$ cat my_file_25.cif   # mmCIF, C-alpha atoms
data_input
#
loop_
_atom_site.label_atom_id
_atom_site.label_comp_id
_atom_site.auth_asym_id
_atom_site.auth_seq_id
_atom_site.Cartn_x
_atom_site.Cartn_y
_atom_site.Cartn_z
CA MET N 1306 2.78 -3.72 5.76
CA ALA N 1307 3.46 -0.25 6.95
CA THR N 1308 5.98 0.46 4.24
CA THR N 1309 5.09 3.04 1.64
CA SER N 1310 6.31 2.88 -1.88
CA THR N 1311 6.88 6.62 -2.08
CA THR N 1312 10.57 7.19 -2.38
CA ASN N 1313 12.56 10.20 -1.41
CA PRO N 1314 15.91 10.03 -3.16
CA SER N 1315 18.91 11.25 -1.25
CA ASP N 1316 20.58 12.66 -4.34
CA PRO N 1317 19.70 16.38 -4.87
CA ALA N 1318 19.96 16.09 -8.65
CA ALA N 1319 17.33 13.36 -8.66
CA VAL N 1320 15.11 15.55 -6.47
CA LEU N 1321 15.47 18.39 -8.91
CA ARG N 1322 14.55 16.12 -11.83
CA ILE N 1323 11.37 15.07 -10.03
CA ALA N 1324 10.51 18.64 -9.06
CA GLN N 1325 10.84 19.77 -12.66
CA LYS N 1326 8.05 17.40 -13.65
CA ALA N 1327 5.66 19.49 -11.55
CA PRO N 1328 3.52 21.05 -14.32
CA SER N 1329 2.74 17.76 -16.08
CA VAL N 1330 1.93 15.82 -12.91
CA LEU N 1331 -0.19 18.65 -11.53
CA ALA N 1332 -2.06 18.99 -14.81
CA LYS N 1333 -2.82 15.29 -14.76
CA ALA N 1334 -3.92 15.44 -11.12
CA SER N 1335 -6.25 18.38 -11.67
CA SER N 1336 -7.87 16.69 -14.68
CA VAL N 1337 -9.12 13.85 -12.48
CA SER N 1338 -12.83 14.07 -11.95
CA THR N 1339 -14.22 12.63 -8.75
CA ILE N 1340 -17.86 13.45 -9.36
CA PHE N 1341 -19.84 10.24 -9.65
CA PRO N 1342 -20.76 9.54 -13.27
CA ALA N 1343 -17.50 10.79 -14.73
CA SER N 1344 -15.35 9.07 -12.13
CA ILE N 1345 -16.29 5.60 -13.40
CA PHE N 1346 -15.19 6.26 -16.95
CA SER N 1347 -11.94 8.04 -16.25
CA SER N 1348 -8.85 5.92 -15.91
CA ALA N 1349 -6.67 8.83 -14.77
CA ASP N 1350 -7.57 8.32 -11.11
CA SER N 1351 -4.87 5.73 -10.46
CA THR N 1352 -2.78 4.89 -7.42
CA GLU N 1353 0.38 5.67 -9.35
CA LEU N 1354 -0.77 9.20 -10.12
CA TRP N 1355 -1.35 10.02 -6.45
CA GLN N 1356 1.96 8.45 -5.51
CA ASP N 1357 3.56 10.67 -8.11
CA VAL N 1358 1.82 13.70 -6.62
CA GLU N 1359 3.07 12.79 -3.15
CA GLN N 1360 6.60 12.28 -4.40
CA LEU N 1361 6.37 15.57 -6.26
CA LEU N 1362 5.30 17.28 -3.05
CA TYR N 1363 8.41 16.04 -1.24
CA ALA N 1364 10.62 17.02 -4.16
CA CYS N 1365 9.10 20.50 -4.48
CA LEU N 1366 9.43 21.16 -0.76
CA ARG N 1367 13.05 20.13 -0.83
CA SER N 1368 13.89 22.18 -3.88
CA GLY N 1369 12.05 25.22 -2.52
CA ASP N 1370 9.24 25.27 -5.08
CA ASP N 1371 6.60 26.14 -2.49
CA GLU N 1372 3.84 27.11 -4.96
CA SER N 1373 3.86 23.71 -6.64
CA ALA N 1374 4.03 22.04 -3.25
CA PHE N 1375 0.95 23.97 -2.14
CA LEU N 1376 -0.88 22.89 -5.30
CA CYS N 1377 0.09 19.26 -4.59
CA VAL N 1378 -1.42 19.46 -1.12
CA GLU N 1379 -4.55 21.07 -2.54
CA ARG N 1380 -4.96 18.35 -5.19
CA LEU N 1381 -4.48 15.64 -2.59
CA SER N 1382 -6.99 17.13 -0.22
CA ASP N 1383 -9.47 17.65 -3.08
CA ARG N 1384 -9.19 14.00 -3.91
CA PHE N 1385 -9.00 12.36 -0.47
CA GLY N 1386 -10.59 15.01 1.73
CA ALA N 1387 -8.86 17.44 4.05
CA ASP N 1388 -9.41 15.16 7.07
CA ASN N 1389 -7.67 12.17 5.50
CA GLU N 1390 -4.88 11.08 7.86
CA ARG N 1391 -2.08 11.11 5.33
CA VAL N 1392 -3.26 14.36 3.75
CA MET N 1393 -3.27 15.98 7.18
CA ALA N 1394 0.32 14.89 7.74
CA LEU N 1395 1.36 16.16 4.31
CA ARG N 1396 -0.30 19.51 4.99
CA GLY N 1397 1.63 19.64 8.25
CA LEU N 1398 4.81 18.85 6.38
CA TYR N 1399 4.14 21.74 4.01
CA GLN N 1400 3.52 24.11 6.91
CA GLU N 1401 6.76 23.01 8.59
CA ALA N 1402 8.69 23.63 5.42
CA VAL N 1403 7.38 27.15 4.85
CA ALA N 1404 7.46 28.15 8.54
CA LYS N 1405 9.36 31.41 9.02
CA ASP N 1406 10.82 30.94 12.50
CA ASP N 1407 10.87 28.70 15.56
CA ALA N 1408 7.76 30.34 17.00
CA ALA N 1409 5.78 29.26 13.94
CA LEU N 1410 7.16 25.75 14.30
CA ARG N 1411 6.10 25.62 17.92
CA THR N 1412 2.57 26.60 16.89
CA ILE N 1413 2.56 23.71 14.43
CA LEU N 1414 3.80 21.41 17.19
CA GLU N 1415 0.90 22.53 19.38
CA ASP N 1416 -1.50 21.87 16.51
CA TYR N 1417 -0.12 18.34 16.21
CA THR N 1418 -0.55 17.78 19.93
CA LYS N 1419 -4.12 19.03 19.69
CA VAL N 1420 -4.89 16.64 16.83
CA LEU N 1421 -3.40 13.79 18.83
CA GLN N 1422 -5.51 14.64 21.86
CA GLU N 1423 -8.62 14.29 19.74
CA ASN N 1424 -7.41 11.18 17.95
CA PRO N 1425 -4.61 9.39 19.82
CA ILE N 1426 -4.10 6.75 17.11
CA HIS N 1427 -3.39 9.22 14.31
CA VAL N 1428 -0.21 7.52 13.06
CA PRO N 1429 0.95 10.03 10.38
CA ILE N 1430 0.57 13.02 12.71
CA HIS N 1431 2.39 11.10 15.46
CA LYS N 1432 5.27 10.63 13.10
CA ARG N 1433 5.26 14.27 12.00
CA ARG N 1434 5.28 15.40 15.62
CA ILE N 1435 8.31 13.25 16.37
CA ALA N 1436 10.07 14.45 13.23
CA LEU N 1437 9.36 18.06 14.16
CA LEU N 1438 10.76 17.53 17.66
CA LYS N 1439 13.90 16.15 16.07
CA SER N 1440 14.05 19.08 13.68
CA LEU N 1441 13.69 21.54 16.57
CA GLY N 1442 16.82 20.05 18.13
CA ARG N 1443 15.05 18.13 20.91
CA PRO N 1444 16.17 14.56 20.20
CA GLN N 1445 15.50 13.42 23.78
CA ASP N 1446 11.83 14.43 23.47
CA ALA N 1447 11.69 12.78 20.06
CA ILE N 1448 13.06 9.54 21.52
CA ALA N 1449 10.58 9.66 24.40
CA GLY N 1450 7.71 10.22 21.97
CA LEU N 1451 8.91 7.47 19.70
CA VAL N 1452 9.30 4.97 22.56
CA GLU N 1453 5.70 5.69 23.49
CA PHE N 1454 4.72 5.30 19.85
CA VAL N 1455 6.34 1.89 19.37
CA ASP N 1456 4.67 0.78 22.61
CA SER N 1457 1.32 1.42 20.95
CA PHE N 1458 2.32 0.29 17.43
CA PRO N 1459 4.96 -2.39 17.90
CA THR N 1460 4.76 -3.57 14.29
CA ASP N 1461 5.63 -0.20 12.74
CA ILE N 1462 8.99 -1.01 11.15
CA GLU N 1463 9.63 2.53 10.03
CA ALA N 1464 9.28 3.77 13.61
CA TRP N 1465 11.72 1.16 14.93
CA CYS N 1466 14.26 2.15 12.29
CA GLU N 1467 13.82 5.83 13.11
CA LEU N 1468 14.21 5.09 16.81
CA SER N 1469 17.38 3.20 16.08
CA ASP N 1470 18.79 6.16 14.16
CA LEU N 1471 17.82 8.60 16.89
CA TYR N 1472 19.50 6.47 19.55
CA GLU N 1473 22.58 6.19 17.39
CA SER N 1474 22.70 9.96 16.92
CA GLN N 1475 22.65 10.31 20.70
CA GLY N 1476 25.43 7.75 21.14
CA HIS N 1477 23.26 5.00 22.66
CA ILE N 1478 24.52 2.25 20.39
CA SER N 1479 23.15 -0.72 22.32
CA GLN N 1480 19.63 0.77 22.34
CA ALA N 1481 20.00 1.49 18.64
CA ILE N 1482 20.93 -2.14 18.03
CA PHE N 1483 17.94 -3.33 20.05
CA SER N 1484 15.52 -1.14 18.08
CA LEU N 1485 16.86 -2.29 14.76
CA GLU N 1486 16.69 -5.92 15.88
CA GLU N 1487 12.98 -5.36 16.49
CA ALA N 1488 12.63 -4.10 12.93
CA VAL N 1489 14.56 -7.09 11.60
CA LEU N 1490 12.23 -9.40 13.51
CA ILE N 1491 9.33 -7.99 11.51
CA THR N 1492 11.12 -7.94 8.12
CA PRO N 1493 13.73 -10.69 8.30
CA HIS N 1494 14.38 -10.46 4.55
CA ALA N 1495 15.46 -6.82 4.43
CA TRP N 1496 19.10 -7.12 3.47
CA ASN N 1497 19.80 -3.43 3.97
CA LEU N 1498 18.56 -3.59 7.56
CA HIS N 1499 20.86 -6.54 8.26
CA ALA N 1500 23.76 -4.56 6.83
CA ARG N 1501 22.78 -1.53 8.91
CA LEU N 1502 22.67 -3.73 12.00
CA GLY N 1503 26.10 -5.02 11.13
CA GLU N 1504 27.35 -1.45 10.87
CA LEU N 1505 25.91 -0.61 14.29
CA GLU N 1506 27.50 -3.71 15.85
CA TYR N 1507 30.78 -2.78 14.22
CA MET N 1508 30.53 0.73 15.67
CA ALA N 1509 29.74 -0.72 19.08
CA GLY N 1510 32.70 -3.07 18.74
CA THR N 1511 35.14 -0.33 17.78
CA SER N 1512 33.97 2.13 20.44
CA SER N 1513 34.04 -0.36 23.30
CA SER N 1514 37.12 -0.87 25.48
CA ASP N 1515 36.31 -4.21 27.10
CA HIS N 1516 37.86 -7.14 25.22
CA SER N 1517 34.97 -9.55 25.58
CA GLU N 1518 32.51 -6.79 24.60
CA ILE N 1519 34.56 -5.96 21.51
CA ARG N 1520 34.64 -9.59 20.48
CA LYS N 1521 30.95 -10.11 21.12
CA HIS N 1522 29.95 -7.11 19.01
CA LEU N 1523 32.36 -7.87 16.19
CA THR N 1524 31.19 -11.49 16.06
CA GLN N 1525 27.63 -10.22 15.78
CA ALA N 1526 28.72 -7.77 13.08
CA VAL N 1527 30.31 -10.56 11.04
CA ARG N 1528 27.12 -12.58 11.38
CA ARG N 1529 24.86 -9.71 10.36
CA PHE N 1530 26.96 -8.83 7.33
CA SER N 1531 27.04 -12.50 6.35
CA ARG N 1532 23.26 -12.61 6.53
CA SER N 1533 22.96 -9.51 4.36
CA ILE N 1534 25.13 -11.03 1.61
CA GLU N 1535 23.20 -14.26 1.90
CA LEU N 1536 20.01 -12.32 1.19
CA CYS N 1537 21.46 -10.27 -1.65
CA ASP N 1538 24.04 -11.44 -4.18
CA ASP N 1539 27.05 -9.18 -4.74
CA TYR N 1540 25.88 -6.74 -2.07
CA LEU N 1541 28.66 -4.19 -1.97
CA ARG N 1542 27.70 -2.76 1.41
CA GLY N 1543 27.56 -6.23 2.97
CA PHE N 1544 30.93 -7.34 1.63
CA TYR N 1545 32.55 -4.04 2.60
CA GLY N 1546 31.35 -4.48 6.15
CA LEU N 1547 32.24 -8.14 6.22
CA LYS N 1548 35.81 -7.37 5.23
CA LEU N 1549 36.18 -4.64 7.84
CA ALA N 1550 34.52 -6.62 10.62
CA SER N 1551 36.27 -9.93 10.02
CA GLU N 1552 39.70 -8.31 9.85
CA LYS N 1553 39.01 -6.31 13.00
CA LEU N 1554 37.84 -9.45 14.79
CA LEU N 1555 40.97 -11.30 13.73
CA GLY N 1556 42.98 -8.45 15.21
CA ALA N 1557 40.97 -8.69 18.42
CA TYR N 1558 41.64 -12.44 18.61
CA SER N 1559 45.38 -12.05 18.24
CA SER N 1560 45.56 -9.25 20.83
CA ALA N 1561 43.61 -11.30 23.41
CA LYS N 1562 46.30 -14.05 23.27
CA ALA N 1563 43.74 -16.73 22.39
CA ASN N 1564 42.67 -17.41 25.94
CA ALA N 1565 38.90 -17.29 25.62
CA ASP N 1566 36.88 -19.50 23.31
CA SER N 1567 36.30 -17.98 19.92
CA THR N 1568 32.80 -18.47 18.58
CA ILE N 1569 33.96 -18.11 14.99
CA PRO N 1570 37.25 -19.93 14.40
CA PRO N 1571 40.04 -17.68 13.04
CA GLU N 1572 40.49 -19.86 9.94
CA LYS N 1573 36.88 -19.23 9.00
CA LEU N 1574 37.31 -15.50 9.55
CA GLN N 1575 40.31 -15.50 7.25
CA GLN N 1576 38.26 -17.30 4.64
CA LEU N 1577 35.45 -14.78 5.03
CA SER N 1578 37.85 -11.88 4.70
CA ARG N 1579 39.43 -13.38 1.59
CA LEU N 1580 36.00 -14.02 0.11
CA ALA N 1581 34.96 -10.43 0.79
CA THR N 1582 38.15 -9.08 -0.78
CA SER N 1583 37.80 -11.12 -3.94
CA LYS N 1584 34.10 -10.27 -4.26
CA LEU N 1585 34.78 -6.57 -3.76
CA GLU N 1586 37.49 -6.67 -6.42
CA ALA N 1587 35.05 -8.35 -8.80
CA ILE N 1588 32.32 -5.80 -8.06
CA VAL N 1589 34.69 -2.86 -8.58
CA LYS N 1590 35.88 -4.35 -11.84
CA GLU N 1591 32.31 -4.76 -13.03
CA ARG N 1592 31.14 -1.32 -11.93
CA THR N 1593 34.08 0.52 -13.46
CA GLY N 1594 33.82 -1.50 -16.66
CA PRO N 1595 32.52 -0.05 -19.92
CA ARG N 1596 29.01 -1.47 -19.52
CA SER N 1597 28.46 -0.15 -16.02
CA SER N 1598 25.56 2.14 -15.31
CA ALA N 1599 26.34 5.46 -13.69
CA GLY N 1600 25.38 6.21 -10.10
CA ASN N 1601 26.63 5.38 -6.60
CA GLU N 1602 30.18 6.06 -7.73
CA SER N 1603 31.15 7.12 -4.23
CA GLU N 1604 30.55 3.55 -3.06
CA VAL N 1605 32.94 2.18 -5.65
CA ILE N 1606 35.57 4.80 -4.80
CA ALA N 1607 35.30 3.90 -1.11
CA VAL N 1608 35.76 0.22 -1.90
CA GLN N 1609 38.79 0.96 -4.01
CA GLN N 1610 40.33 2.93 -1.16
CA LEU N 1611 39.65 0.05 1.24
CA LEU N 1612 41.21 -2.46 -1.13
CA ASN N 1613 44.27 -0.26 -1.69
CA SER N 1614 44.79 0.31 2.02
CA SER N 1615 44.57 -3.38 2.83
CA LYS N 1616 47.06 -4.20 0.09
CA GLY N 1617 49.59 -1.59 1.13
CA MET A 1299 16.39 -15.12 -32.22
CA SER A 1300 12.88 -13.74 -32.11
CA VAL A 1301 12.44 -13.85 -35.91
CA LEU A 1302 13.69 -17.43 -36.00
CA SER A 1303 11.45 -18.48 -33.12
CA ARG A 1304 8.40 -16.84 -34.68
CA LEU A 1305 9.17 -18.55 -37.96
CA LEU A 1306 9.41 -21.88 -36.14
CA VAL A 1307 6.05 -21.35 -34.46
CA LEU A 1308 4.48 -20.41 -37.79
CA VAL A 1309 5.94 -23.42 -39.62
CA GLY A 1310 4.98 -25.73 -36.76
CA LEU A 1311 1.38 -24.51 -36.65
CA LEU A 1312 0.96 -24.64 -40.45
CA SER A 1313 2.36 -28.14 -40.53
CA LEU A 1314 0.04 -29.12 -37.65
CA PHE A 1315 -2.96 -27.85 -39.61
CA HIS A 1316 -1.69 -29.72 -42.63
CA ALA A 1317 -1.45 -32.93 -40.59
CA ALA A 1318 -4.95 -32.41 -39.21
CA TYR A 1319 -6.34 -31.82 -42.70
CA SER A 1320 -4.56 -34.93 -43.99
CA ALA A 1321 -6.02 -37.00 -41.16
CA HIS A 1322 -9.47 -35.65 -41.94
CA GLU A 1323 -9.17 -36.42 -45.66
CA PHE A 1324 -7.83 -39.86 -44.88
CA SER A 1325 -10.74 -40.66 -42.58
CA VAL A 1326 -13.25 -39.40 -45.19
CA LEU A 1327 -11.67 -41.63 -47.84
CA SER A 1328 -11.47 -44.67 -45.61
CA THR A 1329 -15.14 -44.44 -44.57
CA LYS A 1330 -16.13 -43.90 -48.20
CA TYR A 1331 -14.58 -47.21 -49.21
CA HIS A 1332 -15.62 -48.97 -45.95
CA LYS A 1333 -12.10 -49.91 -45.08
CA ASN A 1334 -10.95 -49.44 -41.50
CA ALA A 1335 -7.36 -48.63 -42.33
CA PRO A 1336 -5.02 -47.32 -39.56
CA LEU A 1337 -3.74 -43.77 -39.84
CA PRO A 1338 -0.59 -43.76 -42.00
CA LEU A 1339 2.72 -43.29 -40.24
CA ASP A 1340 3.66 -40.12 -42.14
CA ILE A 1341 0.63 -38.22 -40.79
CA LYS A 1342 1.44 -39.30 -37.23
CA LEU A 1343 5.06 -38.26 -37.63
CA GLU A 1344 4.07 -34.93 -39.16
CA THR A 1345 1.80 -34.20 -36.18
CA LEU A 1346 4.49 -35.00 -33.64
CA VAL A 1347 7.24 -33.09 -35.45
CA SER A 1348 5.06 -30.00 -35.98
CA VAL A 1349 3.98 -29.86 -32.33
CA PHE A 1350 7.61 -30.20 -31.30
CA LEU A 1351 8.68 -27.39 -33.66
CA ALA A 1352 5.93 -25.07 -32.45
CA CYS A 1353 6.85 -25.72 -28.79
CA LEU A 1354 10.53 -25.14 -29.51
CA GLY A 1355 9.70 -21.84 -31.18
CA LEU A 1356 7.57 -20.73 -28.24
CA VAL A 1357 10.24 -21.63 -25.69
CA TRP A 1358 13.01 -19.92 -27.64
CA GLY A 1359 10.96 -16.79 -28.15
CA SER A 1360 9.97 -16.38 -24.51
CA GLU A 1361 11.35 -13.66 -22.23
CA PRO A 1362 14.44 -14.47 -20.16
CA LEU A 1363 13.32 -16.04 -16.89
CA LYS A 1364 13.02 -13.91 -13.78
CA PRO A 1365 15.10 -15.00 -10.78
CA VAL A 1366 13.26 -17.23 -8.34
CA GLY A 1367 15.78 -17.12 -5.49
CA TRP A 1368 15.48 -14.15 -3.15
CA ASN A 1369 19.21 -13.44 -3.14
CA GLU A 1370 19.43 -13.44 -6.96
CA TRP A 1371 16.45 -11.13 -7.22
CA ALA A 1372 17.88 -8.80 -4.59
CA GLY A 1373 21.28 -8.83 -6.22
CA GLU A 1374 19.72 -7.89 -9.54
CA LEU A 1375 17.86 -4.99 -7.91
CA GLU A 1376 21.02 -3.65 -6.32
CA ARG A 1377 23.04 -4.02 -9.51
CA ASP A 1378 20.54 -2.40 -11.85
CA GLY A 1379 19.49 0.29 -9.41
CA GLY A 1380 15.95 -1.03 -9.20
CA ALA A 1381 13.52 -0.05 -6.47
CA ASN A 1382 14.52 -1.89 -3.31
CA PRO A 1383 11.27 -2.36 -1.37
CA PHE A 1384 13.15 -1.96 1.91
CA LYS A 1385 14.92 1.22 0.88
CA SER A 1386 12.01 3.22 2.29
CA LEU A 1387 12.94 1.93 5.76
CA GLU A 1388 16.20 3.84 5.51
CA GLU A 1389 14.70 6.95 3.95
CA ARG A 1390 11.58 7.02 6.14
CA VAL A 1391 9.54 9.67 4.34
CA ASN A 1392 7.02 9.91 7.19
CA PHE A 1393 9.75 11.05 9.56
CA VAL A 1394 11.50 13.35 7.12
CA ASP A 1395 13.16 16.42 8.59
CA ILE A 1396 12.05 18.68 5.76
CA ARG A 1397 13.79 21.81 7.00
CA ALA A 1398 17.19 20.11 7.16
CA GLN A 1399 16.64 18.69 3.69
CA ARG A 1400 15.73 22.13 2.34
CA ARG A 1401 18.92 23.59 3.75
CA GLU A 1402 20.89 20.69 2.29
CA PHE A 1403 19.33 21.21 -1.12
CA ALA A 1404 19.96 24.96 -1.01
CA THR A 1405 23.64 24.37 -0.25
CA TRP A 1406 23.86 21.90 -3.07
CA ALA A 1407 22.18 24.32 -5.47
CA ARG A 1408 24.63 27.07 -4.53
CA GLN A 1409 27.54 24.73 -5.14
CA GLN A 1410 26.17 23.82 -8.54
CA GLY A 1411 26.04 27.45 -9.51
CA PRO A 1412 23.07 29.42 -10.83
CA ALA A 1413 23.45 28.22 -14.41
CA SER A 1414 22.54 24.57 -13.96
CA THR A 1415 19.60 24.90 -11.59
CA ARG A 1416 16.84 27.15 -12.80
#

$ encode --input "my_file_25.cif" --output "structure tokens"
Amino acid sequence: MATTSTTNPSDPAAVLRIAQKAPSVLAKASSVSTIFPASIFSSADSTELWQDVEQLLYACLRSGDDESAFLCVERLSDRFGADNERVMALRGLYQEAVAKDDAALRTILEDYTKVLQENPIHVPIHKRRIALLKSLGRPQDAIAGLVEFVDSFPTDIEAWCELSDLYESQGHISQAIFSLEEAVLITPHAWNLHARLGELEYMAGTSSSDHSEIRKHLTQAVRRFSRSIELCDDYLRGFYGLKLASEKLLGAYSSAKANADSTIPPEKLQQLSRLATSKLEAIVKERTGPRSSAGNESEVIAVQQLLNSSKG
Amino acid sequence: MSVLSRLLVLVGLLSLFHAAYSAHEFSVLSTKYHKNAPLPLDIKLETLVSVFLACLGLVWGSEPLKPVGWNEWAGELERDGGANPFKSLEERVNFVDIRAQRREFATWARQQGPASTR
């Protein structure tokens, strides 16, 4: 599997918490001995430690702690060698982050291209190059590079997801849906990808003007959201989407004067919408209850707004 | 629950040893007097009851079972904020736009005010 277990939380406070652990993680990493006799007896050289160092690197770069980030890169290249593929990409990431201006970034881009000329199957550098193109405000080039990349590595799920997002950012919803479908083919159990696909179909359905197109996309959206809640019990995102999509589709049915065949009968849609509403109410009640754990409060607030607006 | 279950296991095992010792003594006695007597009912019953008690204690004291169904497991992860193995497909660390994230973090830090950050 191409998935990495390194996580990069979206919440800045969580990033800061990780970044503040820098001294202890770095101390642990520098105590690891890789010279032969000592390396057998030391248990410090674990996968978890190096994952922590990598996560710390991301956190430090985001929070602007460049010295610690530099030390992370140094530790990693001491341990795995400076020509290790992932270490090379991380070093590139560090250079991108501390680059002063666009000229410096273009030099880094040229370096990436040079590395790729020598080794065309260098996956991490490929990905960095595409990310840098995106960062430089050249999404079309990034898409072109990524299309070429998924041609060579068609089982790279992360790349398909990134391509889908890039297409979506450029307004090519149908291409975005196609790319994400490819990713779902490889990981059919990923409930968040099904929900994301449902969201894209919903967007396609709401932005289209043709009646049959609208209905086709919304039907797909209902199906994708249904799959996501089948794969994950009480999935807030899935139920939220299911409620929106099924109600929208019901609206589309009534406006089209029931001439064409409806793939999902309206009674079933009403049932789905009712189910989603009751489940959402239950989830909100549970999450706002006294025993609820903090976090993702914005989700709950959004659900409450949706429920209130559908009541009123 | 755990104290009770441990007590049950202890009582069950002790009683099992007791039954085994009784059976041993009985067999020694019966060979000594050259009588092939069957094992008395009370020793048999003690063995069965003590094994049952020990098993009950072990089952009661075990950890709550982990979900077997995919949807239950996934639901638990989402509810308790566990690590969703597919979350990385939405974060995509290898494609991270680090400069945008730095700007985002800097804005956030300014909003938080200087007191709470450094």

$ resolve_selection --input "my_file_25.cif" --expression "the PyMOL selection byres ((chain A) within 12 of (chain N))" --output "ChimeraX atom specification"
/A:1365,1367-1410,1414-1416

$ resolve_selection --input "my_file_25.cif" --expression "the PyMOL selection byres ((chain N and resi 1575-1584) around 10)" --output "MDAnalysis selection string"
chainID N and resid 1527 1531 1534 1539:1541 1543:1552 1554:1555 1570:1574 1585:1590 1608 1611:1612 1615

$ resolve_selection --input "my_file_25.cif" --expression "the PyMOL selection byres ((chain N and resi 1380) around 10)" --output "PDB file with C-alpha atoms, in the coordinates of the input"
ATOM      1  CA  LEU N1331      -0.190  18.650 -11.530  1.00  0.00           C
ATOM      2  CA  ALA N1334      -3.920  15.440 -11.120  1.00  0.00           C
ATOM      3  CA  SER N1335      -6.250  18.380 -11.670  1.00  0.00           C
ATOM      4  CA  VAL N1337      -9.120  13.850 -12.480  1.00  0.00           C
ATOM      5  CA  TRP N1355      -1.350  10.020  -6.450  1.00  0.00           C
ATOM      6  CA  VAL N1358       1.820  13.700  -6.620  1.00  0.00           C
ATOM      7  CA  GLU N1359       3.070  12.790  -3.150  1.00  0.00           C
ATOM      8  CA  ALA N1374       4.030  22.040  -3.250  1.00  0.00           C
ATOM      9  CA  PHE N1375       0.950  23.970  -2.140  1.00  0.00           C
ATOM     10  CA  LEU N1376      -0.880  22.890  -5.300  1.00  0.00           C
ATOM     11  CA  CYS N1377       0.090  19.260  -4.590  1.00  0.00           C
ATOM     12  CA  VAL N1378      -1.420  19.460  -1.120  1.00  0.00           C
ATOM     13  CA  GLU N1379      -4.550  21.070  -2.540  1.00  0.00           C
ATOM     14  CA  LEU N1381      -4.480  15.640  -2.590  1.00  0.00           C
ATOM     15  CA  SER N1382      -6.990  17.130  -0.220  1.00  0.00           C
ATOM     16  CA  ASP N1383      -9.470  17.650  -3.080  1.00  0.00           C
ATOM     17  CA  ARG N1384      -9.190  14.000  -3.910  1.00  0.00           C
ATOM     18  CA  PHE N1385      -9.000  12.360  -0.470  1.00  0.00           C
ATOM     19  CA  GLY N1386     -10.590  15.010   1.730  1.00  0.00           C
ATOM     20  CA  VAL N1392      -3.260  14.360   3.750  1.00  0.00           C
TER      21      VAL N1392
END

$ residues_around --input "my_file_25.cif" --residues "segment 1314-1325 of chain A" --least-positions-apart "3" --cutoff "10 Å" --atoms "all atoms listed in the file" --output "ChimeraX atom specification"
/A:1308-1311,1328-1330,1333-1338,1340-1352

$ atom_distance --input "my_file_25.cif" --atom1 "atom CA of Tyr1507 of chain N" --atom2 "atom CA of Thr1524 of chain N"
8.9 Å

$ atom_distance --input "my_file_25.cif" --atom1 "atom CA of Leu1505 of chain N" --atom2 "atom CA of Ile1478 of chain N"
6.9 Å

$ atom_distance --input "my_file_25.cif" --atom1 "atom CA of Leu1523 of chain N" --atom2 "atom CA of Gly1510 of chain N"
5.4 Å

$ decode --input "my_file_25.cif" --residues "segment 1399-1410 of chain N" --atoms "N, CA and C atoms" --output "PDB file, in the first residue's frame"
ATOM      1  N   TYR N1399      11.997  20.897   3.053  1.00  0.00           N
ATOM      2  CA  TYR N1399      12.594  21.890   3.942  1.00  0.00           C
ATOM      3  C   TYR N1399      13.076  23.096   3.141  1.00  0.00           C
ATOM      4  N   GLN N1400      13.741  22.809   1.999  1.00  0.00           N
ATOM      5  CA  GLN N1400      14.259  23.916   1.187  1.00  0.00           C
ATOM      6  C   GLN N1400      13.121  24.791   0.654  1.00  0.00           C
ATOM      7  N   GLU N1401      12.018  24.134   0.250  1.00  0.00           N
ATOM      8  CA  GLU N1401      10.864  24.910  -0.223  1.00  0.00           C
ATOM      9  C   GLU N1401      10.357  25.835   0.870  1.00  0.00           C
ATOM     10  N   ALA N1402      10.304  25.282   2.087  1.00  0.00           N
ATOM     11  CA  ALA N1402       9.711  26.054   3.174  1.00  0.00           C
ATOM     12  C   ALA N1402      10.556  27.267   3.527  1.00  0.00           C
ATOM     13  N   VAL N1403      11.896  27.125   3.463  1.00  0.00           N
ATOM     14  CA  VAL N1403      12.732  28.247   3.879  1.00  0.00           C
ATOM     15  C   VAL N1403      13.140  29.130   2.699  1.00  0.00           C
ATOM     16  N   ALA N1404      12.655  28.799   1.489  1.00  0.00           N
ATOM     17  CA  ALA N1404      13.030  29.584   0.312  1.00  0.00           C
ATOM     18  C   ALA N1404      12.563  31.026   0.478  1.00  0.00           C
ATOM     19  N   LYS N1405      13.456  31.978   0.075  1.00  0.00           N
ATOM     20  CA  LYS N1405      13.151  33.390   0.300  1.00  0.00           C
ATOM     21  C   LYS N1405      12.148  33.926  -0.721  1.00  0.00           C
ATOM     22  N   ASP N1406      12.378  33.598  -2.003  1.00  0.00           N
ATOM     23  CA  ASP N1406      11.517  34.198  -3.031  1.00  0.00           C
ATOM     24  C   ASP N1406      11.234  33.180  -4.134  1.00  0.00           C
ATOM     25  N   ASP N1407      10.514  33.630  -5.161  1.00  0.00           N
ATOM     26  CA  ASP N1407      10.130  32.724  -6.238  1.00  0.00           C
ATOM     27  C   ASP N1407      11.328  32.225  -7.030  1.00  0.00           C
ATOM     28  N   ALA N1408      12.384  33.074  -7.122  1.00  0.00           N
ATOM     29  CA  ALA N1408      13.572  32.639  -7.863  1.00  0.00           C
ATOM     30  C   ALA N1408      14.182  31.415  -7.194  1.00  0.00           C
ATOM     31  N   ALA N1409      14.251  31.457  -5.852  1.00  0.00           N
ATOM     32  CA  ALA N1409      14.792  30.306  -5.122  1.00  0.00           C
ATOM     33  C   ALA N1409      13.938  29.068  -5.366  1.00  0.00           C
ATOM     34  N   LEU N1410      12.625  29.271  -5.396  1.00  0.00           N
ATOM     35  CA  LEU N1410      11.735  28.132  -5.621  1.00  0.00           C
ATOM     36  C   LEU N1410      11.947  27.542  -7.011  1.00  0.00           C
TER      37      LEU N1410
END
